[in-house]
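What follows is the content of coords.cif, which has mmCIF, C-alpha atoms:
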data_final
loop_
_atom_site.label_atom_id
_atom_site.label_comp_id
_atom_site.auth_asym_id
_atom_site.auth_seq_id
_atom_site.Cartn_x
_atom_site.Cartn_y
_atom_site.Cartn_z
CA MET A 94 -1.90 3.73 -8.26
CA HIS A 95 -2.92 7.31 -7.57
CA GLU A 96 -0.45 8.73 -10.09
CA LEU A 97 -3.24 9.91 -12.40
CA SER A 98 -4.90 11.94 -9.67
CA ILE A 99 -1.49 13.43 -8.80
CA VAL A 100 -1.05 14.38 -12.46
CA ALA A 101 -4.53 15.97 -12.44
CA SER A 102 -3.47 18.13 -9.45
CA LEU A 103 -0.20 18.93 -11.24
CA PHE A 104 -2.09 20.17 -14.30
CA GLU A 105 -4.23 22.48 -12.15
CA ILE A 106 -1.00 24.20 -11.05
CA LEU A 107 0.52 24.11 -14.55
CA GLU A 108 -2.50 25.72 -16.17
CA ALA A 109 -2.68 28.42 -13.49
CA LYS A 110 1.04 29.23 -13.85
CA ALA A 111 0.78 29.35 -17.63
CA ARG A 112 -2.12 31.81 -17.39
CA GLU A 113 -0.36 34.02 -14.83
CA ASN A 114 2.68 34.23 -17.09
CA GLN A 115 0.71 34.58 -20.31
CA ALA A 116 2.52 31.58 -21.71
CA THR A 117 1.57 30.18 -25.11
CA LYS A 118 3.05 26.78 -24.37
CA ILE A 119 4.64 24.71 -21.63
CA VAL A 120 7.67 22.90 -23.06
CA GLY A 121 9.22 21.37 -19.97
CA VAL A 122 8.17 20.32 -16.45
CA LYS A 123 10.52 19.20 -13.70
CA LEU A 124 9.36 17.36 -10.58
CA LYS A 125 11.21 16.31 -7.46
CA VAL A 126 9.89 13.02 -6.14
CA GLY A 127 11.08 11.64 -2.83
CA LYS A 128 12.12 8.00 -2.78
CA LEU A 129 9.42 7.44 -0.17
CA ALA A 130 6.72 9.68 -1.58
CA GLY A 131 4.76 6.53 -2.41
CA VAL A 132 4.79 7.34 -6.12
CA VAL A 133 6.23 5.33 -9.00
CA PRO A 134 8.12 7.69 -11.39
CA GLU A 135 7.41 5.47 -14.44
CA PHE A 136 3.67 5.56 -13.74
CA LEU A 137 3.84 9.30 -13.25
CA GLN A 138 5.54 9.63 -16.63
CA THR A 139 2.89 7.51 -18.37
CA ALA A 140 0.06 9.39 -16.66
CA PHE A 141 1.64 12.73 -17.63
CA ASP A 142 2.04 11.72 -21.26
CA SER A 143 -1.58 10.65 -21.60
CA TYR A 144 -2.99 13.61 -19.64
CA LYS A 145 -1.05 16.27 -21.54
CA GLN A 146 -2.86 15.64 -24.88
CA ASP A 147 -4.79 18.73 -26.00
CA THR A 148 -3.50 20.85 -23.11
CA ILE A 149 -1.10 23.77 -23.06
CA ALA A 150 1.59 21.24 -22.13
CA ALA A 151 0.91 18.91 -25.07
CA GLU A 152 4.55 19.11 -26.20
CA ALA A 153 6.08 19.24 -22.73
CA ARG A 154 8.84 16.93 -21.63
CA LEU A 155 8.59 15.66 -18.06
CA GLU A 156 11.77 15.34 -16.02
CA ILE A 157 11.63 13.58 -12.66
CA GLU A 158 14.43 13.95 -10.15
CA GLU A 159 14.34 11.27 -7.48
CA VAL A 160 15.27 12.47 -4.01
CA PRO A 161 16.81 9.95 -1.60
CA LEU A 162 15.63 9.57 1.98
CA LYS A 163 17.74 11.87 4.13
CA LEU A 164 17.53 11.81 7.92
CA ARG A 165 19.05 13.63 10.85
CA CYS A 166 19.41 12.04 14.28
CA ARG A 167 17.88 14.29 16.92
CA LYS A 168 20.21 12.78 19.52
CA CYS A 169 23.68 12.80 17.93
CA ALA A 170 22.92 15.14 14.99
CA VAL A 171 24.44 12.81 12.39
CA GLU A 172 22.92 13.10 8.89
CA ILE A 173 22.40 9.94 6.83
CA GLU A 174 20.96 8.81 3.53
CA LYS A 175 18.94 5.60 3.59
CA GLU A 176 17.43 3.18 1.11
CA ASP A 177 14.88 1.72 3.51
CA PHE A 178 12.52 3.16 6.05
CA VAL A 179 14.13 1.77 9.22
CA LEU A 180 14.42 4.81 11.41
CA VAL A 181 17.33 3.80 13.62
CA CYS A 182 20.46 5.96 13.79
CA PRO A 183 23.44 3.93 12.52
CA SER A 184 25.88 5.77 14.77
CA CYS A 185 24.10 5.98 18.15
CA SER A 186 21.08 3.61 17.63
CA ALA A 187 18.60 6.29 18.67
CA THR A 188 15.15 6.03 17.06
CA ASP A 189 14.31 9.71 17.14
CA LEU A 190 15.15 10.70 13.58
CA GLU A 191 13.94 13.70 11.68
CA ILE A 192 13.10 13.20 8.00
CA LEU A 193 14.84 15.99 6.06
CA GLU A 194 14.15 14.84 2.50
CA GLY A 195 12.60 11.90 0.67
CA LEU A 196 8.86 12.36 1.22
CA GLU A 197 8.40 15.30 -1.13
CA LEU A 198 6.27 15.51 -4.24
CA LEU A 199 7.23 18.88 -5.70
CA LEU A 200 6.73 20.80 -8.90
CA ASP A 201 10.23 22.22 -9.12
CA LYS A 202 10.19 24.28 -12.33
CA ILE A 203 8.40 24.86 -15.62
CA ASP A 204 9.85 25.90 -18.98
CA LEU A 205 7.46 28.21 -20.76
CA GLU A 206 7.20 29.88 -24.12
CA VAL A 207 5.79 33.35 -23.72
CA MET B 266 8.28 34.35 -28.72
CA SER B 267 10.78 33.80 -25.91
CA LYS B 268 11.56 31.04 -23.47
CA LYS B 269 11.17 31.45 -19.77
CA GLU B 270 12.22 29.21 -16.91
CA LEU B 271 9.82 29.49 -14.01
CA ILE B 272 10.98 28.21 -10.63
CA VAL B 273 7.89 27.00 -8.78
CA ARG B 274 8.90 24.68 -5.87
CA GLU B 275 5.27 23.99 -5.01
CA GLU B 276 3.86 20.82 -3.50
CA ILE B 277 1.77 19.05 -6.11
CA LEU B 278 -0.76 17.99 -3.50
CA GLY B 279 -0.57 21.41 -1.84
CA SER B 280 -4.20 22.18 -2.63
CA ASN B 281 -5.29 18.97 -0.84
CA LYS B 282 -3.17 19.95 2.19
CA LYS B 283 -4.71 23.41 2.22
CA VAL B 284 -8.26 22.04 2.19
CA ALA B 285 -7.27 19.52 4.89
CA ALA B 286 -5.90 22.30 7.10
CA GLU B 287 -9.16 24.24 6.72
CA ILE B 288 -11.21 21.17 7.69
CA ARG B 289 -8.99 20.57 10.72
CA GLY B 290 -9.28 24.21 11.78
CA LYS B 291 -13.06 24.29 11.49
CA LEU B 292 -13.69 20.99 13.23
CA GLU B 293 -11.18 21.63 16.02
CA ALA B 294 -12.94 24.92 16.73
CA ALA B 295 -16.23 22.98 16.90
CA GLY B 296 -14.69 20.47 19.35
CA VAL B 297 -14.68 17.58 16.88
CA LEU B 298 -11.73 15.18 16.87
CA VAL B 299 -11.20 13.67 13.41
CA VAL B 300 -9.80 10.15 13.02
CA ASN B 301 -8.70 8.75 9.63
CA LEU B 302 -8.64 4.93 9.46
CA LEU B 303 -6.31 3.36 6.90
CA SER B 304 -5.80 -0.30 6.07
CA SER B 305 -5.96 -2.93 3.40
CA PRO B 306 -9.44 -4.21 2.41
CA GLY B 307 -10.89 -6.74 4.81
CA SER B 308 -8.77 -5.84 7.83
CA GLY B 309 -11.88 -5.05 9.86
CA LYS B 310 -12.25 -1.27 9.75
CA THR B 311 -16.07 -1.26 9.67
CA THR B 312 -16.45 -3.94 12.31
CA LEU B 313 -14.04 -2.11 14.61
CA LEU B 314 -16.03 1.09 13.99
CA GLU B 315 -19.26 -0.68 14.93
CA ARG B 316 -17.74 -1.62 18.29
CA LEU B 317 -16.29 1.88 18.80
CA VAL B 318 -19.65 3.44 17.98
CA GLU B 319 -21.35 1.24 20.60
CA THR B 320 -18.73 2.22 23.20
CA LEU B 321 -18.56 5.96 22.50
CA LYS B 322 -22.14 6.80 21.52
CA PRO B 323 -23.73 6.84 25.00
CA THR B 324 -21.36 9.62 26.15
CA HIS B 325 -20.00 11.17 22.94
CA PRO B 326 -22.16 11.89 19.86
CA LEU B 327 -20.20 10.89 16.79
CA ALA B 328 -20.42 10.75 13.01
CA VAL B 329 -18.84 8.50 10.40
CA ILE B 330 -17.73 8.97 6.80
CA GLU B 331 -17.27 5.78 4.82
CA GLY B 332 -15.05 5.66 1.75
CA ASP B 333 -15.43 2.86 -0.76
CA ILE B 334 -15.20 2.38 -4.48
CA GLU B 335 -18.83 1.31 -4.71
CA THR B 336 -21.97 0.63 -2.58
CA GLU B 337 -23.65 2.13 0.52
CA ARG B 338 -23.05 -1.05 2.51
CA ASP B 339 -20.63 0.30 5.11
CA ALA B 340 -22.58 3.48 5.82
CA ASP B 341 -25.75 1.36 6.20
CA ARG B 342 -24.01 -0.78 8.82
CA ILE B 343 -23.10 2.32 10.85
CA ARG B 344 -26.56 3.91 10.43
CA ARG B 345 -28.08 0.77 11.92
CA LYS B 346 -26.24 1.72 15.13
CA GLY B 347 -28.16 5.01 15.17
CA VAL B 348 -25.22 7.18 14.16
CA PRO B 349 -25.14 9.63 11.22
CA ALA B 350 -23.02 8.19 8.43
CA TRP B 351 -22.24 9.30 4.90
CA GLN B 352 -20.92 7.10 2.15
CA ILE B 353 -18.43 8.52 -0.34
CA THR B 354 -18.21 6.23 -3.35
CA THR B 355 -15.12 7.14 -5.32
CA GLY B 356 -16.18 5.21 -8.44
CA GLY B 357 -12.76 3.67 -8.85
CA ALA B 358 -10.39 6.10 -7.13
CA CYS B 359 -8.14 4.36 -4.63
CA HIS B 360 -8.23 6.97 -1.85
CA LEU B 361 -10.28 9.79 -0.34
CA GLU B 362 -9.24 13.42 -0.84
CA ALA B 363 -9.81 16.33 1.53
CA LYS B 364 -12.31 18.10 -0.75
CA MET B 365 -14.61 15.04 -0.66
CA VAL B 366 -14.68 15.30 3.14
CA GLY B 367 -15.03 19.10 2.99
CA LYS B 368 -18.30 18.86 1.06
CA LEU B 369 -19.89 16.92 3.93
CA LEU B 370 -18.94 19.36 6.71
CA PRO B 371 -22.23 21.33 6.62
CA GLU B 372 -24.15 18.11 7.31
CA ILE B 373 -22.28 17.17 10.48
CA PRO B 374 -24.57 17.71 13.51
CA ALA B 375 -23.48 20.45 15.93
CA GLU B 376 -23.24 18.13 18.95
CA THR B 377 -20.69 15.83 17.25
CA LYS B 378 -17.57 15.06 19.29
CA PHE B 379 -15.83 12.60 16.98
CA LEU B 380 -15.73 12.21 13.23
CA PHE B 381 -14.37 8.87 12.06
CA ILE B 382 -13.36 8.59 8.42
CA GLU B 383 -12.96 5.09 7.06
CA ASN B 384 -10.68 5.42 4.04
CA VAL B 385 -10.83 3.25 0.91
CA GLY B 386 -9.22 -0.11 1.71
CA ASN B 387 -5.67 0.33 0.42
CA LEU B 388 -2.36 0.62 2.26
CA VAL B 389 -0.63 2.69 -0.43
CA CYS B 390 -2.48 5.67 -1.88
CA PRO B 391 -4.49 6.96 1.13
CA ALA B 392 -1.20 7.55 2.97
CA GLY B 393 -0.43 10.51 0.69
CA TYR B 394 -3.66 12.42 1.39
CA ASP B 395 -4.29 14.43 4.53
CA LEU B 396 -8.07 14.54 5.14
CA GLY B 397 -7.95 17.06 7.96
CA GLU B 398 -7.60 14.39 10.63
CA ASN B 399 -6.11 14.87 14.09
CA ILE B 400 -5.25 11.19 14.41
CA ARG B 401 -4.32 8.78 11.64
CA CYS B 402 -4.73 5.11 12.53
CA VAL B 403 -3.43 2.24 10.51
CA LEU B 404 -5.20 -1.09 11.07
CA PHE B 405 -3.33 -4.31 10.69
CA SER B 406 -5.15 -7.63 10.95
CA ALA B 407 -3.45 -10.81 12.01
CA PRO B 408 -4.29 -12.80 8.82
CA GLU B 409 -2.38 -10.24 6.70
CA GLY B 410 0.92 -11.54 8.06
CA ASP B 411 3.45 -9.97 10.41
CA ASP B 412 5.78 -8.74 7.64
CA LYS B 413 3.61 -5.91 6.31
CA PRO B 414 5.00 -2.73 7.94
CA LYS B 415 8.25 -2.67 5.97
CA LYS B 416 6.42 -3.54 2.75
CA TYR B 417 4.10 -0.54 3.12
CA PRO B 418 6.28 1.89 5.04
CA LYS B 419 4.52 5.12 4.22
CA ALA B 420 1.21 4.13 5.78
CA PHE B 421 2.98 3.18 9.02
CA ALA B 422 5.36 6.16 8.92
CA SER B 423 2.55 8.67 8.58
CA ALA B 424 0.28 7.15 11.28
CA ASP B 425 -0.12 8.16 14.91
CA CYS B 426 -1.59 4.90 16.04
CA LEU B 427 -1.42 1.24 15.04
CA ILE B 428 -4.42 -0.98 15.75
CA PHE B 429 -3.96 -4.72 15.51
CA THR B 430 -7.32 -6.25 14.64
CA LYS B 431 -8.70 -9.81 14.73
CA SER B 432 -6.34 -10.64 17.60
CA ASP B 433 -8.64 -13.57 18.49
CA LEU B 434 -7.21 -15.34 15.40
CA ILE B 435 -3.56 -15.04 16.48
CA PRO B 436 -3.46 -18.45 18.23
CA TYR B 437 -4.36 -20.11 14.91
CA LEU B 438 -1.90 -18.23 12.72
CA PRO B 439 1.88 -18.04 12.33
CA PHE B 440 1.62 -14.39 13.38
CA ASP B 441 4.20 -12.96 15.77
CA LEU B 442 2.56 -9.95 17.41
CA GLU B 443 5.77 -8.72 19.01
CA LYS B 444 7.70 -8.95 15.75
CA ALA B 445 4.94 -7.13 13.86
CA GLY B 446 4.82 -4.39 16.50
CA ASN B 447 8.59 -3.97 16.52
CA GLU B 448 8.71 -3.81 12.74
CA ALA B 449 6.18 -0.98 12.81
CA LEU B 450 8.08 0.79 15.60
CA ASP B 451 11.31 0.60 13.54
CA ILE B 452 9.54 2.69 10.93
CA ASN B 453 7.76 4.97 13.36
CA PRO B 454 8.87 4.93 17.01
CA ARG B 455 6.08 7.37 17.95
CA LEU B 456 3.24 4.91 17.12
CA ARG B 457 0.72 4.18 19.87
CA ILE B 458 -0.15 0.48 19.61
CA PHE B 459 -3.48 -1.17 20.47
CA VAL B 460 -4.37 -4.84 20.21
CA THR B 461 -8.05 -5.42 19.49
CA SER B 462 -10.60 -8.07 18.67
CA ALA B 463 -13.94 -6.66 17.55
CA LEU B 464 -15.41 -10.15 17.91
CA LYS B 465 -14.37 -10.61 21.55
CA GLY B 466 -14.41 -6.94 22.53
CA ARG B 467 -10.71 -6.90 23.38
CA GLY B 468 -8.96 -3.53 23.40
CA ILE B 469 -12.03 -1.51 22.37
CA ALA B 470 -12.36 0.32 25.71
CA GLU B 471 -8.64 1.25 25.67
CA LEU B 472 -8.93 2.56 22.13
CA ALA B 473 -12.06 4.57 22.97
CA ARG B 474 -10.22 6.04 25.98
CA TYR B 475 -7.29 7.03 23.73
CA PHE B 476 -9.65 8.96 21.44
CA ILE B 477 -11.44 10.60 24.38
CA GLU B 478 -8.10 11.67 25.92
CA SER B 479 -6.83 12.91 22.56
CA ARG B 480 -9.93 15.06 22.20
CA VAL B 481 -9.48 16.51 25.70
CA ASN B 482 -5.85 17.32 24.82
CA MET B 483 -6.93 18.92 21.55
CA ILE B 484 -9.40 21.20 23.36
CA GLN B 485 -6.91 22.12 26.10
CA HIS B 486 -4.23 22.83 23.53
CA GLN B 487 -6.66 25.15 21.73
CA ARG B 488 -7.42 27.10 24.90
CA HIS B 489 -3.71 27.68 25.45
CA ALA B 490 -3.09 28.63 21.85
#

Will you turn the file into structure tokens for me?
Amino acid sequence: MHELSIVASLFEILEAKARENQATKIVGVKLKVGKLAGVVPEFLQTAFDSYKQDTIAAEARLEIEEVPLKLRCRKCAVEIEKEDFVLVCPSCSATDLEILEGLELLLDKIDLEV
Amino acid sequence: MSKKELIVREEILGSNKKVAAEIRGKLEAAGVLVVNLLSSPGSGKTTLLERLVETLKPTHPLAVIEGDIETERDADRIRRKGVPAWQITTGGACHLEAKMVGKLLPEIPAETKFLFIENVGNLVCPAGYDLGENIRCVLFSAPEGDDKPKKYPKAFASADCLIFTKSDLIPYLPFDLEKAGNEALDINPRLRIFVTSALKGRGIAELARYFIESRVNMIQHQRHA
């Protein structure tokens, strides 16, 4: 349940970007959230909507793109998408898998009015 | 007035990672190995630390940071062992963040060789926050049940070391140590596993040796860098 502190960090970036770009308003925010980032998108949405009151993003819409867990086997180089966190290669059974995507918690883009 | 789309692609917790990297850099240069202990409440983090303190203190000066929602209790327990300890009370927050640790750096005595950070008891949120540690340990006590790793994958996936605690209780519980270990290894095949009992002293010397060796490796790695 650390979504609120994530949203607080997000707003630090949003406010800095708005200042740098001399924006009058932030109207849209898009995040990319990995399936295994340990964050619940619904909670993030609720936290965002309560935090945004009286900020430059008061009217902003939050869009969250969920990113599936994507792995590459370091042994046979096969790339797979997974729903769970069992790091075993389905084609050669190796356990040495590199996580390509699915852990990220990214601010992807912001729509501003300048 | 015009609209502008700004592509950012920035990590939301990037500022925490940056502070964590600074802490790691500073403490590595000072020869301090930092260990972050994660687990659910009541898995025995403080009791394990008490045993580790007793084992390491005669040869390696150490310091401890305790994270809890409220009270000085844990730091008091460590101070009673004659080791500097600081309590961070988060007042409700479910995890420690790097800047909370950063504030305490000036107070850490120069001779310190190890800094142990006991995170807030929680297997979910602390996993997302780098505190500047060199080694992340997840503790897993027998009474919690052997099915936990796949329920809380991120904590196990992000750890370097898995410490089973309260192993003296295993004979009385339907707890399959091998199954629990394998489940954790499915998630993270690189985990180093230790089986401990703070009550009986089992596994404490091995764990202390692992930290001592990791610190030697850290210092050697620095010299070559």

Residue members of the PyMOL selection byres ((chain B) within 6 of (chain A)) in the file shown, as a short mmCIF file (atom, residue, chain, number, x, y, z; two decimals) with C-alpha atoms, in the coordinates of the input:
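expr-v4.cif was written with the following content:
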data_model
loop_
_atom_site.label_atom_id
_atom_site.label_comp_id
_atom_site.auth_asym_id
_atom_site.auth_seq_id
_atom_site.Cartn_x
_atom_site.Cartn_y
_atom_site.Cartn_z
CA MET B 266 8.28 34.35 -28.72
CA SER B 267 10.78 33.80 -25.91
CA LYS B 268 11.56 31.04 -23.47
CA LYS B 269 11.17 31.45 -19.77
CA GLU B 270 12.22 29.21 -16.91
CA LEU B 271 9.82 29.49 -14.01
CA ILE B 272 10.98 28.21 -10.63
CA VAL B 273 7.89 27.00 -8.78
CA ARG B 274 8.90 24.68 -5.87
CA GLU B 275 5.27 23.99 -5.01
CA GLU B 276 3.86 20.82 -3.50
CA ILE B 277 1.77 19.05 -6.11
CA CYS B 390 -2.48 5.67 -1.88
CA ASP B 451 11.31 0.60 13.54
CA ILE B 452 9.54 2.69 10.93
#

If the PyMOL selection byres ((chain B and resi 429) around 6) is run on the structure shown, which residues does it catch, given as number ranges by chain? B: 404-406, 428, 430, 460-461

For the residues in that selection, give me C-alpha atoms as a short mmCIF file (atom, residue, chain, number, x, y, z; two decimals), keeping the file's coordinate frame.
data_model
loop_
_atom_site.label_atom_id
_atom_site.label_comp_id
_atom_site.auth_asym_id
_atom_site.auth_seq_id
_atom_site.Cartn_x
_atom_site.Cartn_y
_atom_site.Cartn_z
CA LEU B 404 -5.20 -1.09 11.07
CA PHE B 405 -3.33 -4.31 10.69
CA SER B 406 -5.15 -7.63 10.95
CA ILE B 428 -4.42 -0.98 15.75
CA THR B 430 -7.32 -6.25 14.64
CA VAL B 460 -4.37 -4.84 20.21
CA THR B 461 -8.05 -5.42 19.49
#

Residues within 10 Å of Ile400 (chain B), please, as a ChimeraX atom specification. Count all atoms listed in the file; anything in the same chain fewer than 6 positions from it doesn't count. /B:298-302,381,424-426,476,479-480

Generate a file of the selected residues that holds C-alpha atoms, formatted as a PDB file, in the frame of the given file.
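Below you can see again.pdb, which holds the result:
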ATOM      1  CA  LEU B 298     -11.730  15.180  16.870  1.00  0.00           C
ATOM      2  CA  VAL B 299     -11.200  13.670  13.410  1.00  0.00           C
ATOM      3  CA  VAL B 300      -9.800  10.150  13.020  1.00  0.00           C
ATOM      4  CA  ASN B 301      -8.700   8.750   9.630  1.00  0.00           C
ATOM      5  CA  LEU B 302      -8.640   4.930   9.460  1.00  0.00           C
ATOM      6  CA  PHE B 381     -14.370   8.870  12.060  1.00  0.00           C
ATOM      7  CA  ALA B 424       0.280   7.150  11.280  1.00  0.00           C
ATOM      8  CA  ASP B 425      -0.120   8.160  14.910  1.00  0.00           C
ATOM      9  CA  CYS B 426      -1.590   4.900  16.040  1.00  0.00           C
ATOM     10  CA  PHE B 476      -9.650   8.960  21.440  1.00  0.00           C
ATOM     11  CA  SER B 479      -6.830  12.910  22.560  1.00  0.00           C
ATOM     12  CA  ARG B 480      -9.930  15.060  22.200  1.00  0.00           C
TER      13      ARG B 480
END

As JSON, numbers by chain, please: the residues near Lys431 (chain B) (cut-off 12 Å, only C-alpha atoms, same-chain neighbours under 5 positions excluded). {"B": [307, 308, 309, 310, 312, 313, 404, 405, 406, 407, 408, 409, 410, 436, 437, 438, 440, 442, 459, 460, 461, 462, 463, 464, 465, 466, 467, 468, 469]}

Report as a PDB file with C-alpha atoms, keeping the file's coordinate frame the full result of the PyMOL selection byres ((chain B and resi 393) around 9) when it is applied to this structure.
ATOM      1  CA  ALA A 130       6.720   9.680  -1.580  1.00  0.00           C
ATOM      2  CA  GLY A 131       4.760   6.530  -2.410  1.00  0.00           C
TER       3      GLY A 131
ATOM      4  CA  LEU B 278      -0.760  17.990  -3.500  1.00  0.00           C
ATOM      5  CA  HIS B 360      -8.230   6.970  -1.850  1.00  0.00           C
ATOM      6  CA  VAL B 389      -0.630   2.690  -0.430  1.00  0.00           C
ATOM      7  CA  CYS B 390      -2.480   5.670  -1.880  1.00  0.00           C
ATOM      8  CA  PRO B 391      -4.490   6.960   1.130  1.00  0.00           C
ATOM      9  CA  ALA B 392      -1.200   7.550   2.970  1.00  0.00           C
ATOM     10  CA  TYR B 394      -3.660  12.420   1.390  1.00  0.00           C
ATOM     11  CA  ASP B 395      -4.290  14.430   4.530  1.00  0.00           C
ATOM     12  CA  LYS B 419       4.520   5.120   4.220  1.00  0.00           C
ATOM     13  CA  ALA B 420       1.210   4.130   5.780  1.00  0.00           C
ATOM     14  CA  SER B 423       2.550   8.670   8.580  1.00  0.00           C
TER      15      SER B 423
END

So which residues touch Glu174 (chain A) within 8 Å, counting only C-alpha atoms, skipping near sequence neighbours fewer than 2 positions away, as a PyMOL selection string? chain A and resi 161-164+172+176

Would you save the residues from that selection as a compact mmCIF listing (two decimals), keeping the file's coordinate frame, using C-alpha atoms?
# COMPACT_ATOMS: atom_id res chain seq x y z
CA PRO A 161 16.81 9.95 -1.60
CA LEU A 162 15.63 9.57 1.98
CA LYS A 163 17.74 11.87 4.13
CA LEU A 164 17.53 11.81 7.92
CA GLU A 172 22.92 13.10 8.89
CA GLU A 176 17.43 3.18 1.11

List the residues sitting within 12 Å of (-10.4, 22.3, 12.3) in the file's frame, using only C-alpha atoms, as a list in words.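 With a cut-off of 12 Å, the residues come to Lys283, Val284, Ala285, Ala286, Glu287, Ile288, Arg289, Gly290, Lys291, Leu292, Glu293, Ala294, Ala295, Gly296, Val297, Leu298, Val299, Gly367, Leu370, Leu380, Leu396, Gly397, Glu398, Asn399, Met483, Ile484 and Gln487 of chain B.
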
Can you work out the spacing between CA of Asp341 (chain B) and CA of Asp433 (chain B) in Å, to one decimal?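 Straight-line distance from CA of Asp341 (chain B) to CA of Asp433 (chain B) works out to 25.8 Å.
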
If I take CA of Ala490 (chain B) and CA of Lys282 (chain B), how far is one from the other in Å, to one decimal?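 Interatomic distance, CA of Ala490 (chain B) to CA of Lys282 (chain B): 21.5 Å.
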
Kindly list the centre and edge lengths in Å, rounded to one decimal, for the axis-aligned box that covers all listed atoms of region 141-152 of chain A plus 8 Å on each of its six sides, as JSON.
{"center_x": -0.1, "center_y": 17.2, "center_z": -21.9, "size_x": 25.3, "size_y": 29.1, "size_z": 24.6}

Interatomic distance, CA of Lys364 (chain B) to CA of Leu303 (chain B) (Å, one decimal):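 Computing it gives 17.7 Å between the two atoms.
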
Find the spatial neighbours of Pro374 (chain B), counting only C-alpha atoms, within a cut-off of 10 Å - ignore same-chain residues fewer than 4 positions away - and output them as a PyMOL selection string. chain B and resi 326-328+349+370+378

So that I can see what lies close to Pro183 (chain A), please list as a compact mmCIF listing (two decimals) with C-alpha atoms, in the coordinates of the input the residues with an atom at most 10 Å from it, counting all atoms listed in the file and leaving out residues fewer than 6 positions away in the same chain.
# COMPACT_ATOMS: atom_id res chain seq x y z
CA CYS A 166 19.41 12.04 14.28
CA VAL A 171 24.44 12.81 12.39
CA GLU A 172 22.92 13.10 8.89
CA ILE A 173 22.40 9.94 6.83
